[in-house]
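A.B. asks: Sending over a structure as C-alpha cells; questions will come in a sec.
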Amino acid sequence: MFVQSVRKAMPVLGQNSVLSCQMNRSFCGKSIVLTDRLSQTQQILSKSLSEGENGWEKLWKKNLTPWDLGMTTPALSHELKKYGRDLKRVLVPGCGSGYDLITLIYHRSSHGGSSEIVGLDLSTTSIQRAKSIIREHGLSDSNSVEIVEGDFFNFSEAEDGFDFIFDYTFFCALPHNLRQPWGKRMGKLVKRGGRLLTLVYPIDERNGNNESAVGPPFPVTVEEYEKVLFPEGFVKESECTSEETVPQRKGRELVVWWVRKDKNTQNGY
C-alpha cells in the first residue's frame with residue numbers, strides 16, 4: 001500500500017535531531033541556529049504558561065518565530081493548483097505573518113471566486129504583521145481577507161463553519177492534551193463535505209505519541225491525526241510526500257487531505 005511505503009521511508013527523528021543536518025548538509029549552520037531559537041521559544045512559552053501570560057505574543061514581539069518561513073508555503077500553492085476550484089469559506093488557524101492568506105487570495109482570484117478567507121491568531125503583533133504584509137502585496141486586508149485575533153477553540157466567527165481549513169505548524173504547536181480538543185473543534189468547524197489540508201510536521205514515528213515530548217514543535221505522526229479526526233467523521237483522501245516541501249523539512253513532512261463525512265464512517269476510510 002502506498003501510504004505504508006511512504007511512512008516506512010520516513011526516518012525516526014528526535015525533536016532537534018542532528019540527522020536533519022546530515023540529510024541536508026547545506027542547512028547545518030542554519031539548523032544549529034534554529035535549535036537555539038527553538039530552545040528559547042520553548043523556554044518562553046513554558047514560563048508564560050506557568051505565569052498565565054500569552055507566550056505567543058511575547059515570541060512575536062521578540063521576532064522569535066522559527067516556524068515562520070518568511071514566505072508563502074510552496075506545498076500549499078502546489079496542492080491548491082491540484083485542487084483546482086474555489087474554496088468558498090476558508091480558515092487558516094495560527095495564520096502568523098499571513099503569507100498563506102495571500103496564496104489563498106490569489107487562488108480565489110484565479111478561479112473567479114468570492115470565497116471568504118479568515119486568518120486567526122492569538123497574537124496582536126502577528127495580526128498587525130499579517131495585515132501589513134497583505135498590504136505590501138497590493139491587497140486590501142479589509143476586503144480580501146478577515147484577520148481575527150482570537151482563540152481557535154472558541155472564536156465566534158466559527159458559527160457558520162468552513163469549507164476548507166489549512167493547518168501547518170498549528171497542530172504540532174499544541175501540547176498532547178489538546179490534540180483531542182483540536183480534533184473535536186475541527187469536527188465542528190469543517191462543514192460536512194468540507195476539506196482539511198494538513199502538512200504533517202515534524203514527523204517522528206518513535207516520539208509522536210509521547211506525552212512527555214518537548215515542544216513546540218511537538219513531534220507528530222499521521223496516526224496522531226487519525227486518532228482525533230476519524231471519530232469526528234473525517235475520511236483521509238490522500239497521504240503523500242511533496243516535492244514542494246521546504247528543504248530543511250524534507251523527510252519529516254507529509255501532505256494529508258481529509259474530507260468530513262459522517263461520524264459513523266468506519267475507520268476513516
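Chain labels A, B, ... are given in the sequence in which chains occur in the C-alpha cells; within each chain residues are numbered consecutively from 1, and ligands are likewise numbered from 1 in the order shown.
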Using only C-alpha atoms, determine which residues lie at most 10 Å from Ser123 of chain A, disregarding the query and same-chain residues fewer than 4 positions distant; provide the list as a PyMOL selection string.

C.D. replies: chain A and resi 54-61+94-96+127-129+148-151

A.B. asks: May I have the residues from that selection written out with C-alpha atoms, as a PDB file, in the first residue's frame?

C.D. replies:
ATOM      1  CA  ASN A  54       0.279  34.967  26.255  1.00  0.00           C
ATOM      2  CA  GLY A  55       3.607  33.430  25.310  1.00  0.00           C
ATOM      3  CA  TRP A  56       2.882  33.618  21.589  1.00  0.00           C
ATOM      4  CA  GLU A  57       2.584  37.400  21.768  1.00  0.00           C
ATOM      5  CA  LYS A  58       5.937  37.549  23.561  1.00  0.00           C
ATOM      6  CA  LEU A  59       7.549  35.487  20.800  1.00  0.00           C
ATOM      7  CA  TRP A  60       6.171  37.676  18.016  1.00  0.00           C
ATOM      8  CA  LYS A  61       7.292  40.833  19.815  1.00  0.00           C
ATOM      9  CA  GLY A  94      -2.353  30.241  13.522  1.00  0.00           C
ATOM     10  CA  CYS A  95      -2.025  32.382  10.385  1.00  0.00           C
ATOM     11  CA  GLY A  96       1.070  34.186  11.703  1.00  0.00           C
ATOM     12  CA  ILE A 127      -2.133  40.071  13.301  1.00  0.00           C
ATOM     13  CA  GLN A 128      -0.626  43.507  12.684  1.00  0.00           C
ATOM     14  CA  ARG A 129       2.234  41.957  10.743  1.00  0.00           C
ATOM     15  CA  VAL A 148      -9.129  37.726  13.582  1.00  0.00           C
ATOM     16  CA  GLU A 149      -7.324  37.856  16.908  1.00  0.00           C
ATOM     17  CA  GLY A 150      -8.747  35.005  18.900  1.00  0.00           C
ATOM     18  CA  ASP A 151      -8.606  31.503  20.316  1.00  0.00           C
TER      19      ASP A 151
END

A.B. asks: Quick one: distance from atom CA of Asn177 of chain A to atom CA of Pro217 of chain A in Å, one decimal?

C.D. replies: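 The value is 14.2 Å.
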
A.B. asks: Could you tell me which of A:Gly113, A:Gly215, A:Pro93, A:Gly233 comes closest to Phe170 of chain A if we count only C-alpha atoms?

C.D. replies: A:Pro93

A.B. asks: Between A:Gly84, A:Pro181, A:Gly251, A:Gly161, which one has atoms that come closest to Asp204 of chain A, using only C-alpha atoms?

C.D. replies: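 The shortest atom-to-atom distance to Asp204 of chain A comes from A:Gly251.
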
A.B. asks: Write out as a ChimeraX atom specification the set of residues from segment 178-229 of chain A that DSSP, computed on the backbone, places in alpha helix (DSSP H).

C.D. replies: /A:179-189,222-229

A.B. asks: Selected residues, C-alpha atoms, written as a CSV table (one decimal), in the first residue's frame, please.

C.D. replies:
chain,number,residue,atom,x,y,z
A,179,ARG,CA,-4.9,17.1,20.4
A,180,GLN,CA,-8.3,15.6,21.0
A,181,PRO,CA,-9.9,19.0,21.6
A,182,TRP,CA,-8.3,20.1,18.3
A,183,GLY,CA,-9.9,17.1,16.5
A,184,LYS,CA,-13.3,17.9,18.1
A,185,ARG,CA,-13.0,21.5,17.1
A,186,MET,CA,-12.2,20.6,13.5
A,187,GLY,CA,-15.2,18.4,13.5
A,188,LYS,CA,-17.3,21.4,14.3
A,189,LEU,CA,-15.5,23.9,12.1
A,222,VAL,CA,-0.1,10.7,10.8
A,223,GLU,CA,-1.7,8.3,13.2
A,224,GLU,CA,-1.9,11.0,15.9
A,225,TYR,CA,-4.1,13.0,13.5
A,226,GLU,CA,-6.2,9.9,12.6
A,227,LYS,CA,-6.9,9.2,16.3
A,228,VAL,CA,-8.6,12.6,16.8
A,229,LEU,CA,-10.1,13.1,13.3

A.B. asks: Taking only C-alpha atoms into account, which of A:Gly112, A:Pro202, A:Gly138, A:Gly98 comes nearest Val255 of chain A?

C.D. replies: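 Nearest candidate to Val255 of chain A out of A:Gly112, A:Pro202, A:Gly138, A:Gly98: A:Pro202.
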
A.B. asks: Looking at A:Glu146, A:Glu136, A:Glu244, A:Asp167, which one is nearest to Pro74 of chain A, with distances taken over only C-alpha atoms?

C.D. replies: A:Glu244

A.B. asks: Pick the closest to Leu69 of chain A from A:Lys81, A:Arg135, A:Asp121, A:Gln248: which is it, counting only C-alpha atoms?

C.D. replies: A:Gln248
